[in-house]
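Some notes on the structure that comes next.
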Protein chains: 2
Amino acid sequence: MEWPPTYDKTYSPSADSEYWDRRAETMSPDERQAAVLAKLGHQVRYTFENSEFYREFWREAGVDPANIDSLEDFRQLPILTKDDLRREQEAHPPYGRYLCVPEERILRIHGTSGTTGKPTIFGISDDDWDRIAEAHARILWSAGLRPDDSVIVAAVFSAYIGSWGALVGAERLGAKCFPFGAGAPQQTERAVDWIGMLQPTALYGTPSYALYLASTARQMGVDPRRDFNFRLMFFSGEPGASIPSTRKEIEEAFGCYVVDQGSMAEMTPWMTNSGCRHMSRGMHLWDDIVYAELLDPETRAPGLSGGEAVPVYTHLERTSQPMIRYWSGDLARWDTSTCECGRTYTTLPDGLSGRVDDMIIVRGQSIFPSKIEDVLRGMPEFGGEFRLVIDREPGRMDSLTVQAEVARDAAGVDQVEERFAEELRRAVGVGQWS
Amino acid sequence: MEWPPTYDKTYSPSADSEYWDRRAETMSPDERQAAVLAKLGHQVRYTFENSEFYREFWREAGVDPANIDSLEDFRQLPILTKDDLRREQEAHPPYGRYLCVPEERILRIHGTSGTTGKPTIFGISDDDWDRIAEAHARILWSAGLRPDDSVIVAAVFSAYIGSWGALVGAERLGAKCFPFGAGAPQQTERAVDWIGMLQPTALYGTPSYALYLASTARQMGVDPRRDFNFRLMFFSGEPGASIPSTRKEIEEAFGCYVVDQGSMAEMTPWMTNSGCRHMSRGMHLWDDIVYAELLDPETRAPGLSGGEAVPVYTHLERTSQPMIRYWSGDLARWDTSTCECGRTYTTLPDGLSGRVDDMIIVRGQSIFPSKIEDVLRGMPEFGGEFRLVIDREPGRMDSLTVQAEVARDAAGVDQVEERFAEELRRAVGVGQWS
């Protein structure tokens, strides 16, 4: 096989085709596994040959990556974490020795926002950029995007890479792209004006931005359902698009359908976790582009279908900074039941529903902020914003307080508080809420 | 000839070559004129055949664009203004009937910021985008950018198109690109951090942003000359890079050289007015990519070399929204003396030094704000910001007041005021300043 793969940049399926690549997307699990294994072998060998970092990392773990003939072989490789990458970039700035191409092959530099520490820096090679475009186009096709769509990319264009991936993918698919960005003062008001003028049919951004856009439009006397023309919105960066109430709120505000996308900054702009247009929520794992293991959060052994697992990602066609067995820290329920779309990928029916490190344990009970958001957004009395306050004093029981905004037109605050507490008790299962 | 031209996307000159395309850039004025004429004929015929707007516009002016055999023929076509475009887009939203390709051929949608009225909308076709990349790469090559450079694009990525042109050109040239953007709260502080980490060798932005970046860096304890690694900066969007004092301030702050670029939003992202690395200031007119007539601001007849003229632009290889004889409203001195670089393009030695409509007439004297800026920035006592206040009361003489910030470490304010007034009198030539 040819590795890394190159793709014909002029290819496009016919507009009525469900698939960008029918064979790849609908092959049987056994065929897929063989295809993935072949790519895995190439990717690991390439990485071993071109990265001093990985050679050391694997030698220290006492494993020999020379021949990967089975997934069992592959699972001998150690799991890689964000801390490993941070330490490596600090010791060998700026890219770390897992940049497997000479620096002059880098086309794009991006990075994480660095809100929780020093940013991680991404160097993306020109040929990777082409494969990213191809993968993203193929996945956006499954989301229902077509060449006659026009897409407003309403997420900031900066070091953050999500917006760039959406743009290059939508361009490769042949849609009209309006890269408007976000984040500057008054930019959302101007977005409302531009959307009114251009009537785009699709939007990329974050779910919370879409809700903010709808509310800004209403404040300006614009009805986002009547005055805009959105057919679909695809999101990443936040779990909201798979949170039923948030998703419903967006779909109703704009009269469109929603597709959830997104994995990890280190894996993107390959946006290989993505819903298709047939799913009411959740995402497929396009694991012939990025291989995803689903491991038990405690034992790190392969998890059970139907249960909750941590996705651990491996690039399959990246030359610049490949991630091999990268621990996401996300939590997701998964199953292999077939989707209406006919694709044979594993599904995360709730999307990425939490993070191992976001999970709050209060009085021995695991609680996810996303679950609380879901409950609140399901209630008409909810005003839109909420905050969780955790009190941990030695010698006392932990307490979790949910502070929630109440909608302007709701009944008396006491009654609403009672309703909120009741619903949260029911859904989250904690005995006493205050 | 092939029109519209297509370019080999893999071509690159050797790194020690002065030129991207030696023949095109150094041909004699007669050869250039013949080459331009050939393209002009194709561009006008194409536009006539594909644009209902232009057909009407030219018919109403009573001219027949069927055969353009000379520049005299070409000059029979009417001059197009921003108002013409605004009216057309209002009547035929969103692109106007000068979009000469079917909407589905549009790759990118951009627009003006609309700060002075309704935005103008640009629809750019996929093949135009490739030609834009080629032209921009060729011009950035003359600015001294090379494939081993790394470029931070520090201008907002949104509807505004300057940053996108810089990005696609630098990518095509093969440089490493870090599209960081600008404009979000605290983004400049983060830019200082990122520049420290990545040590880019080139920057694109506006001159005023570069000065703001330097001052932000200093406030953070970072010396932009010692701690950064900039070799060159190229600017558009403001005239500052050809204002000697602003240019000098930037070059000294960063220890780099500066290249001025920029024409009109309607002509970009072809950035066909650009200095080369040999010029101490000013720009060449790359008029085999965009043809530029230099017309007398009053008579609209061809101006005289050495005098001041209004550039009037015509695309030569644009399929999507060609501008034919577009009145820029800018004012520039021009000459045809040869540059050290060996290119045979006409030069605007002061860049775009003013606008016909920015020109302030006070007591019969023409004054340009850019000239006042130049004087102020040349004085060490100047604190960085200034404002012009014009008083026009019936029955009284006009008065122009210059309010200027004084540097923290300057002598007494009265003395400084006296110095400022003296320098402004000398340079601008107005008798009495208050």
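Just remember, in the structure tokens the first chain shown is A, the second B, etc., residues are 1-based per chain, and ligands are 1-based in the order shown.
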Close residues, Gln43 (chain B) itself excluded, 9 Å, only C-alpha atoms, min 5 positions apart in chain, as a PyMOL selection string: chain B and resi 3-4+38+48+314-319+322+324
Neighbours of chain B in chain A at 9 Å, counting only C-alpha atoms, as number ranges by chain: A: 93-94, 103-110, 119, 121, 123, 126, 147-149, 156-160, 171, 174-185, 194, 197-198
Test item: residues at most 12 Å from Ser14 (chain A), only C-alpha atoms, excluding those fewer than 6 positions along its chain, as an MDAnalysis selection string: chainID A and resid 20:22 141 146:148 173
Spatial neighbours of region 342-346 of chain B, 6 Å, only C-alpha atoms, chain gap at least 3 places, as a list in words: Glu25, Thr26, His284, Leu285, Thr336 and Cys339 of chain B
Residue set, region 94-269 of chain B restricted to helix (DSSP H, G or I), as a PyMOL selection string: chain B and resi 103-105+126-142+162-173+187-198+207-219+239-242+244-254
Those of region 245-286 of chain A in DSSP strand (DSSP E), formatted as a PyMOL selection string: chain A and resi 257-260+273-274+283-285
Spatial neighbours of Val375 (chain B), max dist 7 Å, only C-alpha atoms, sep filter under 3 positions, as a list in words: Lys371, Ile372, Gly378, Met379, Glu423 and Leu424 of chain B
Shell around Arg355 (chain A) at 7 Å using only C-alpha atoms, local window under 5 positions removed, as number ranges by chain: A: 329-331
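Shell of Asn50 (chain B) at 10 Å, with only C-alpha atoms counted and residues fewer than 5 places along the chain excluded, is Val44, Arg45, Arg55, Arg97, Tyr98, Leu99, Cys100, Val101, Pro102, Thr319 and Ser320 of chain B.
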